[in-house]
file my_file.pdb (PDB, C-alpha atoms, pLDDT in the B column)
ATOM      1  CA  MET A   1      -5.888  35.820 -44.817  1.00 50.00           C
ATOM      2  CA  GLN A   2      -6.273  34.898 -48.472  1.00 55.00           C
ATOM      3  CA  ILE A   3      -7.477  31.421 -49.439  1.00 54.00           C
ATOM      4  CA  PRO A   4      -4.645  29.432 -51.059  1.00 55.00           C
ATOM      5  CA  ALA A   5      -5.557  28.724 -54.709  1.00 51.00           C
ATOM      6  CA  ARG A   6      -5.169  24.960 -54.353  1.00 57.00           C
ATOM      7  CA  THR A   7      -7.853  24.803 -51.621  1.00 59.00           C
ATOM      8  CA  LEU A   8     -10.380  26.030 -54.165  1.00 59.00           C
ATOM      9  CA  ASN A   9      -9.848  22.713 -55.965  1.00 80.00           C
ATOM     10  CA  LEU A  10     -10.651  20.678 -52.842  1.00 93.00           C
ATOM     11  CA  LEU A  11     -13.917  19.467 -54.390  1.00 96.00           C
ATOM     12  CA  PRO A  12     -15.126  17.224 -55.831  1.00 97.00           C
ATOM     13  CA  ILE A  13     -13.625  14.257 -53.987  1.00 98.00           C
ATOM     14  CA  HIS A  14     -14.483  10.827 -55.384  1.00 98.00           C
ATOM     15  CA  THR A  15     -14.485   7.607 -53.354  1.00 98.00           C
ATOM     16  CA  ALA A  16     -15.596   4.088 -54.252  1.00 98.00           C
ATOM     17  CA  ARG A  17     -19.230   4.848 -53.381  1.00 98.00           C
ATOM     18  CA  LEU A  18     -19.466   8.608 -52.912  1.00 98.00           C
ATOM     19  CA  VAL A  19     -18.802  12.047 -54.315  1.00 98.00           C
ATOM     20  CA  LEU A  20     -18.074  14.906 -51.928  1.00 98.00           C
ATOM     21  CA  ARG A  21     -19.190  18.052 -53.703  1.00 98.00           C
ATOM     22  CA  LYS A  22     -20.666  21.485 -53.324  1.00 97.00           C
ATOM     23  CA  LEU A  23     -24.283  21.689 -52.262  1.00 97.00           C
ATOM     24  CA  SER A  24     -26.806  23.271 -54.617  1.00 95.00           C
ATOM     25  CA  ALA A  25     -30.416  24.448 -54.517  1.00 94.00           C
ATOM     26  CA  SER A  26     -31.399  21.302 -56.447  1.00 96.00           C
ATOM     27  CA  ASP A  27     -30.469  19.253 -53.333  1.00 98.00           C
ATOM     28  CA  LEU A  28     -33.395  20.714 -51.369  1.00 98.00           C
ATOM     29  CA  THR A  29     -35.657  17.634 -51.214  1.00 98.00           C
ATOM     30  CA  ASP A  30     -32.897  15.201 -50.246  1.00 98.00           C
ATOM     31  CA  PHE A  31     -31.364  17.743 -47.815  1.00 98.00           C
ATOM     32  CA  GLN A  32     -34.657  18.309 -46.027  1.00 98.00           C
ATOM     33  CA  VAL A  33     -35.362  14.562 -45.676  1.00 97.00           C
ATOM     34  CA  TYR A  34     -32.584  14.193 -43.098  1.00 97.00           C
ATOM     35  CA  ARG A  35     -32.232  17.787 -41.896  1.00 97.00           C
ATOM     36  CA  THR A  36     -35.881  17.920 -40.722  1.00 96.00           C
ATOM     37  CA  ASP A  37     -35.686  14.577 -38.890  1.00 95.00           C
ATOM     38  CA  PRO A  38     -35.847  15.388 -35.132  1.00 91.00           C
ATOM     39  CA  GLU A  39     -33.688  12.358 -34.264  1.00 89.00           C
ATOM     40  CA  VAL A  40     -30.983  13.507 -36.685  1.00 90.00           C
ATOM     41  CA  ALA A  41     -31.177  17.119 -35.467  1.00 88.00           C
ATOM     42  CA  ARG A  42     -31.034  16.108 -31.794  1.00 86.00           C
ATOM     43  CA  PHE A  43     -27.237  15.960 -31.649  1.00 85.00           C
ATOM     44  CA  GLN A  44     -26.525  18.780 -34.100  1.00 87.00           C
ATOM     45  CA  GLY A  45     -25.641  22.421 -33.559  1.00 80.00           C
ATOM     46  CA  TRP A  46     -28.026  23.595 -36.263  1.00 85.00           C
ATOM     47  CA  GLU A  47     -31.771  24.187 -36.075  1.00 87.00           C
ATOM     48  CA  ILE A  48     -34.323  22.587 -38.382  1.00 92.00           C
ATOM     49  CA  ALA A  49     -34.941  25.031 -41.241  1.00 95.00           C
ATOM     50  CA  SER A  50     -38.006  25.683 -43.370  1.00 97.00           C
ATOM     51  CA  ASP A  51     -37.795  24.868 -47.077  1.00 97.00           C
ATOM     52  CA  VAL A  52     -37.334  28.579 -47.825  1.00 97.00           C
ATOM     53  CA  GLU A  53     -34.457  28.860 -45.322  1.00 97.00           C
ATOM     54  CA  ALA A  54     -32.894  25.593 -46.499  1.00 98.00           C
ATOM     55  CA  ARG A  55     -33.088  26.654 -50.169  1.00 97.00           C
ATOM     56  CA  ALA A  56     -31.332  29.951 -49.340  1.00 97.00           C
ATOM     57  CA  PHE A  57     -28.669  28.069 -47.351  1.00 97.00           C
ATOM     58  CA  LEU A  58     -28.057  25.589 -50.185  1.00 98.00           C
ATOM     59  CA  ARG A  59     -27.834  28.412 -52.713  1.00 96.00           C
ATOM     60  CA  SER A  60     -25.313  30.274 -50.525  1.00 96.00           C
ATOM     61  CA  MET A  61     -23.178  27.132 -50.151  1.00 96.00           C
ATOM     62  CA  GLY A  62     -23.160  26.745 -53.933  1.00 92.00           C
ATOM     63  CA  PHE A  63     -21.356  30.097 -54.161  1.00 93.00           C
ATOM     64  CA  ALA A  64     -19.201  29.759 -51.021  1.00 95.00           C
ATOM     65  CA  LYS A  65     -15.526  28.886 -51.178  1.00 94.00           C
ATOM     66  CA  PRO A  66     -14.125  25.976 -49.158  1.00 95.00           C
ATOM     67  CA  MET A  67     -11.424  26.657 -46.589  1.00 95.00           C
ATOM     68  CA  THR A  68     -12.316  30.333 -46.087  1.00 95.00           C
ATOM     69  CA  PRO A  69     -10.584  31.234 -42.799  1.00 96.00           C
ATOM     70  CA  GLY A  70     -13.029  31.767 -39.954  1.00 96.00           C
ATOM     71  CA  GLU A  71     -16.045  30.352 -41.822  1.00 96.00           C
ATOM     72  CA  TRP A  72     -18.058  27.140 -42.046  1.00 97.00           C
ATOM     73  CA  PHE A  73     -18.499  25.447 -45.413  1.00 97.00           C
ATOM     74  CA  GLN A  74     -20.942  22.560 -45.946  1.00 97.00           C
ATOM     75  CA  ILE A  75     -19.853  19.756 -48.250  1.00 98.00           C
ATOM     76  CA  GLY A  76     -22.474  17.519 -49.831  1.00 98.00           C
ATOM     77  CA  ILE A  77     -22.129  13.744 -49.566  1.00 98.00           C
ATOM     78  CA  ALA A  78     -23.713  12.268 -52.697  1.00 98.00           C
ATOM     79  CA  ALA A  79     -24.124   8.676 -53.851  1.00 98.00           C
ATOM     80  CA  ARG A  80     -21.758   7.977 -56.703  1.00 97.00           C
ATOM     81  CA  GLY A  81     -23.651   7.147 -59.877  1.00 95.00           C
ATOM     82  CA  THR A  82     -26.911   8.886 -58.924  1.00 97.00           C
ATOM     83  CA  ASP A  83     -25.505  12.110 -57.380  1.00 97.00           C
ATOM     84  CA  ARG A  84     -28.364  11.973 -54.819  1.00 98.00           C
ATOM     85  CA  LEU A  85     -27.507  13.815 -51.638  1.00 98.00           C
ATOM     86  CA  ILE A  86     -27.329  11.502 -48.609  1.00 98.00           C
ATOM     87  CA  GLY A  87     -25.670  13.815 -46.112  1.00 98.00           C
ATOM     88  CA  ASP A  88     -23.223  16.633 -45.555  1.00 98.00           C
ATOM     89  CA  ILE A  89     -20.036  17.500 -43.733  1.00 98.00           C
ATOM     90  CA  GLY A  90     -19.473  20.879 -42.116  1.00 97.00           C
ATOM     91  CA  LEU A  91     -15.896  22.151 -42.425  1.00 98.00           C
ATOM     92  CA  PHE A  92     -14.671  25.106 -40.373  1.00 98.00           C
ATOM     93  CA  THR A  93     -11.234  26.522 -41.125  1.00 97.00           C
ATOM     94  CA  SER A  94      -9.318  28.466 -38.460  1.00 97.00           C
ATOM     95  CA  GLU A  95      -8.090  31.982 -39.160  1.00 96.00           C
ATOM     96  CA  SER A  96      -4.571  30.613 -39.608  1.00 95.00           C
ATOM     97  CA  GLY A  97      -5.752  27.912 -42.020  1.00 94.00           C
ATOM     98  CA  THR A  98      -3.824  25.263 -40.088  1.00 96.00           C
ATOM     99  CA  GLU A  99      -6.712  23.825 -38.053  1.00 98.00           C
ATOM    100  CA  CYS A 100     -10.099  22.562 -39.162  1.00 98.00           C
ATOM    101  CA  GLU A 101     -13.226  21.392 -37.387  1.00 98.00           C
ATOM    102  CA  ILE A 102     -15.596  18.891 -38.944  1.00 98.00           C
ATOM    103  CA  GLY A 103     -19.170  17.874 -38.268  1.00 96.00           C
ATOM    104  CA  PHE A 104     -21.212  15.360 -40.231  1.00 97.00           C
ATOM    105  CA  THR A 105     -24.834  14.455 -40.844  1.00 96.00           C
ATOM    106  CA  LEU A 106     -26.137  11.442 -42.737  1.00 97.00           C
ATOM    107  CA  ASN A 107     -29.615  10.414 -43.808  1.00 97.00           C
ATOM    108  CA  PRO A 108     -30.707   7.577 -41.449  1.00 96.00           C
ATOM    109  CA  LYS A 109     -31.474   5.392 -44.504  1.00 97.00           C
ATOM    110  CA  SER A 110     -27.782   5.622 -45.466  1.00 97.00           C
ATOM    111  CA  GLN A 111     -26.384   4.896 -42.003  1.00 96.00           C
ATOM    112  CA  GLY A 112     -24.826   1.641 -40.882  1.00 95.00           C
ATOM    113  CA  ARG A 113     -22.924   0.923 -44.108  1.00 97.00           C
ATOM    114  CA  GLY A 114     -19.688   2.812 -43.486  1.00 97.00           C
ATOM    115  CA  LEU A 115     -20.633   5.708 -45.777  1.00 98.00           C
ATOM    116  CA  ALA A 116     -20.027   8.442 -43.190  1.00 98.00           C
ATOM    117  CA  THR A 117     -16.615   6.947 -42.373  1.00 98.00           C
ATOM    118  CA  GLU A 118     -15.776   6.751 -46.091  1.00 98.00           C
ATOM    119  CA  ALA A 119     -16.795  10.385 -46.618  1.00 98.00           C
ATOM    120  CA  VAL A 120     -15.057  11.864 -43.583  1.00 98.00           C
ATOM    121  CA  GLU A 121     -11.893   9.827 -44.161  1.00 98.00           C
ATOM    122  CA  ALA A 122     -11.726  11.024 -47.779  1.00 98.00           C
ATOM    123  CA  LEU A 123     -12.108  14.637 -46.664  1.00 98.00           C
ATOM    124  CA  ILE A 124      -9.429  14.254 -43.994  1.00 98.00           C
ATOM    125  CA  ASN A 125      -6.991  12.735 -46.511  1.00 97.00           C
ATOM    126  CA  SER A 126      -7.680  15.606 -48.917  1.00 97.00           C
ATOM    127  CA  LEU A 127      -7.059  18.142 -46.153  1.00 97.00           C
ATOM    128  CA  TRP A 128      -3.725  16.492 -45.301  1.00 97.00           C
ATOM    129  CA  ASN A 129      -2.775  16.535 -48.993  1.00 95.00           C
ATOM    130  CA  LEU A 130      -3.189  20.316 -49.070  1.00 94.00           C
ATOM    131  CA  GLY A 131      -0.149  20.512 -46.808  1.00 93.00           C
ATOM    132  CA  THR A 132      -1.441  23.471 -44.774  1.00 94.00           C
ATOM    133  CA  VAL A 133      -3.735  21.744 -42.266  1.00 97.00           C
ATOM    134  CA  HIS A 134      -2.007  20.415 -39.138  1.00 97.00           C
ATOM    135  CA  SER A 135      -4.951  19.261 -37.023  1.00 98.00           C
ATOM    136  CA  ILE A 136      -8.622  18.399 -37.371  1.00 98.00           C
ATOM    137  CA  ARG A 137     -11.125  18.278 -34.563  1.00 98.00           C
ATOM    138  CA  GLY A 138     -14.613  16.956 -34.146  1.00 98.00           C
ATOM    139  CA  ILE A 139     -16.963  17.922 -31.341  1.00 96.00           C
ATOM    140  CA  THR A 140     -19.856  15.686 -30.389  1.00 94.00           C
ATOM    141  CA  ASP A 141     -22.541  15.203 -27.791  1.00 92.00           C
ATOM    142  CA  GLY A 142     -21.436  12.388 -25.461  1.00 92.00           C
ATOM    143  CA  ARG A 143     -24.796  10.651 -26.033  1.00 91.00           C
ATOM    144  CA  ASN A 144     -24.155  10.372 -29.771  1.00 93.00           C
ATOM    145  CA  GLU A 145     -22.522   6.951 -29.736  1.00 95.00           C
ATOM    146  CA  LYS A 146     -22.450   6.590 -33.543  1.00 94.00           C
ATOM    147  CA  SER A 147     -20.567   9.846 -33.935  1.00 96.00           C
ATOM    148  CA  ILE A 148     -18.082   8.916 -31.209  1.00 97.00           C
ATOM    149  CA  GLN A 149     -17.496   5.516 -32.831  1.00 97.00           C
ATOM    150  CA  LEU A 150     -16.862   7.151 -36.205  1.00 97.00           C
ATOM    151  CA  LEU A 151     -14.347   9.614 -34.743  1.00 98.00           C
ATOM    152  CA  GLU A 152     -12.569   6.773 -32.963  1.00 98.00           C
ATOM    153  CA  ARG A 153     -12.482   4.670 -36.180  1.00 97.00           C
ATOM    154  CA  LEU A 154     -10.682   7.588 -37.790  1.00 97.00           C
ATOM    155  CA  GLU A 155      -8.142   7.419 -34.939  1.00 97.00           C
ATOM    156  CA  MET A 156      -9.179  10.747 -33.483  1.00 98.00           C
ATOM    157  CA  ARG A 157      -8.454  11.020 -29.756  1.00 98.00           C
ATOM    158  CA  MET A 158     -10.704  12.600 -27.159  1.00 98.00           C
ATOM    159  CA  VAL A 159      -8.858  15.520 -25.595  1.00 98.00           C
ATOM    160  CA  GLU A 160     -11.577  17.324 -23.654  1.00 97.00           C
ATOM    161  CA  LYS A 161     -14.972  16.875 -22.019  1.00 96.00           C
ATOM    162  CA  SER A 162     -17.249  19.590 -20.727  1.00 95.00           C
ATOM    163  CA  THR A 163     -20.854  19.971 -19.636  1.00 93.00           C
ATOM    164  CA  LYS A 164     -22.964  22.042 -22.029  1.00 85.00           C
ATOM    165  CA  THR A 165     -26.557  22.596 -22.996  1.00 81.00           C
ATOM    166  CA  CYS A 166     -27.251  20.787 -26.270  1.00 73.00           C
ATOM    167  CA  GLY A 167     -30.654  21.258 -27.885  1.00 69.00           C
ATOM    168  CA  GLY A 168     -32.091  22.417 -24.555  1.00 76.00           C
ATOM    169  CA  GLU A 169     -30.741  19.343 -22.730  1.00 79.00           C
ATOM    170  CA  LEU A 170     -27.719  19.026 -20.484  1.00 86.00           C
ATOM    171  CA  CYS A 171     -25.011  16.987 -22.206  1.00 85.00           C
ATOM    172  CA  GLU A 172     -21.345  16.142 -22.078  1.00 92.00           C
ATOM    173  CA  GLU A 173     -19.607  17.685 -25.068  1.00 93.00           C
ATOM    174  CA  GLN A 174     -16.580  15.704 -26.205  1.00 96.00           C
ATOM    175  CA  VAL A 175     -13.746  17.125 -28.306  1.00 98.00           C
ATOM    176  CA  PHE A 176     -11.712  14.764 -30.504  1.00 98.00           C
ATOM    177  CA  VAL A 177      -8.521  15.732 -32.347  1.00 98.00           C
ATOM    178  CA  LEU A 178      -6.446  14.190 -35.098  1.00 98.00           C
ATOM    179  CA  HIS A 179      -2.971  15.531 -35.915  1.00 98.00           C
ATOM    180  CA  ARG A 180      -1.454  15.380 -39.361  1.00 96.00           C
ATOM    181  CA  PRO A 181       0.742  12.325 -39.791  1.00 92.00           C
ATOM    182  CA  ARG A 182       4.440  13.071 -40.110  1.00 86.00           C
TER     183      ARG A 182
END
call {"tool": "encode", "arguments": {"input": "my_file.pdb", "output": "C-alpha cells"}}
result
Amino acid sequence: MQIPARTLNLLPIHTARLVLRKLSASDLTDFQVYRTDPEVARFQGWEIASDVEARAFLRSMGFAKPMTPGEWFQIGIAARGTDRLIGDIGLFTSESGTECEIGFTLNPKSQGRGLATEAVEALINSLWNLGTVHSIRGITDGRNEKSIQLLERLEMRMVEKSTKTCGGELCEEQVFVLHRPR
C-alpha cells in the first residue's frame, strides 16, 4: 500500500509546550538519558541500546516516513523553544492504514507535568485529521500505572488483558483502544 501524500506532512506538530518532530542523530545525548534508564526501560518493549546502536536508530528515523503501513515510526517529543528531546512516541500503522498503535516514553525529569498527555493527545488529533485512521490502540504492562492513567485520560478503553512475559517478568498486558469520533 502506498503512503498517502498528506501523511508525509504529519510532522511537525506544535502544541503550547512541545514540538512533535522527526528524530535525528543530534538527539543522541538526550535520547540516551531516558532510554538507558532501567526504570524507564522496565515497561517498554525495546532493549537498552549502546550509543552506536542508538545513533544508527536515530539516523534511520530521520530518513523514515511516518505512517508507512506495517512499520513503526518514532516521533520525537521536544520542548518548544529549546528543541531539546524529552521523549518519543512510537507509531505503528496497520497494513490497511486505518489502525494505529502508539507507545510513549518520557524522560523522568519531564514527567508529572502533563507533557506526555499533551504530546499523545496532539498526535491522536492529527491522526484523526488525516481522515484515514479509524482506531488507535495502546498496549501497556498492567504494573505501569502512569501509562494506564494517561491512556484513560485520553478516554481510551481497556478491551483486553492477557498474561505475558515482559522484560523477563510475568505481567498482565493491557490493550486500550480509542475509536475515531463520529
call {"tool": "closest_residue", "arguments": {"input": "my_file.pdb", "among": "A:Arg180, A:Arg113, A:Thr163, A:Glu95", "to": "Leu150 of chain A", "atoms": "all atoms listed in the file"}}
result
A:Arg113
call {"tool": "atom_distance", "arguments": {"input": "my_file.pdb", "atom1": "atom CA of His14 of chain A", "atom2": "atom CA of Trp128 of chain A"}}
result
15.8 Å
call {"tool": "resolve_selection", "arguments": {"input": "my_file.pdb", "expression": "the PyMOL selection byres ((chain A and resi 145-147) around 10)", "output": "PyMOL selection string"}}
result
chain A and resi 43+103-105+111-112+116-117+138-144+148-153
call {"tool": "resolve_selection", "arguments": {"input": "my_file.pdb", "expression": "the PyMOL selection byres ((chain A and resi 77) around 12)", "output": "MDAnalysis selection string"}}
result
chainID A and resid 11:15 17:24 27 30:31 74:76 78:80 82:90 104:107 110 115:120 122:123
call {"tool": "closest_residue", "arguments": {"input": "my_file.pdb", "among": "A:Glu71, A:Lys109, A:Gly131, A:Ile124", "to": "Asp37 of chain A", "atoms": "only C-alpha atoms"}}
result
A:Lys109
call {"tool": "atom_distance", "arguments": {"input": "my_file.pdb", "atom1": "atom CA of Leu91 of chain A", "atom2": "atom CA of Pro66 of chain A"}}
result
7.9 Å
call {"tool": "closest_residue", "arguments": {"input": "my_file.pdb", "among": "A:Leu127, A:Ala25, A:Cys171, A:Cys166", "to": "Gly62 of chain A", "atoms": "only C-alpha atoms"}}
result
A:Ala25
call {"tool": "atom_distance", "arguments": {"input": "my_file.pdb", "atom1": "atom CA of Phe73 of chain A", "atom2": "atom CA of Ala54 of chain A"}}
result
14.4 Å
call {"tool": "closest_residue", "arguments": {"input": "my_file.pdb", "among": "A:Ser126, A:Arg137, A:Asp51, A:Arg59", "to": "Phe92 of chain A", "atoms": "all atoms listed in the file"}}
result
A:Arg137
call {"tool": "closest_residue", "arguments": {"input": "my_file.pdb", "among": "A:Thr29, A:Ser60, A:Asn129, A:Gln174", "to": "Val159 of chain A", "atoms": "all atoms listed in the file"}}
result
A:Gln174
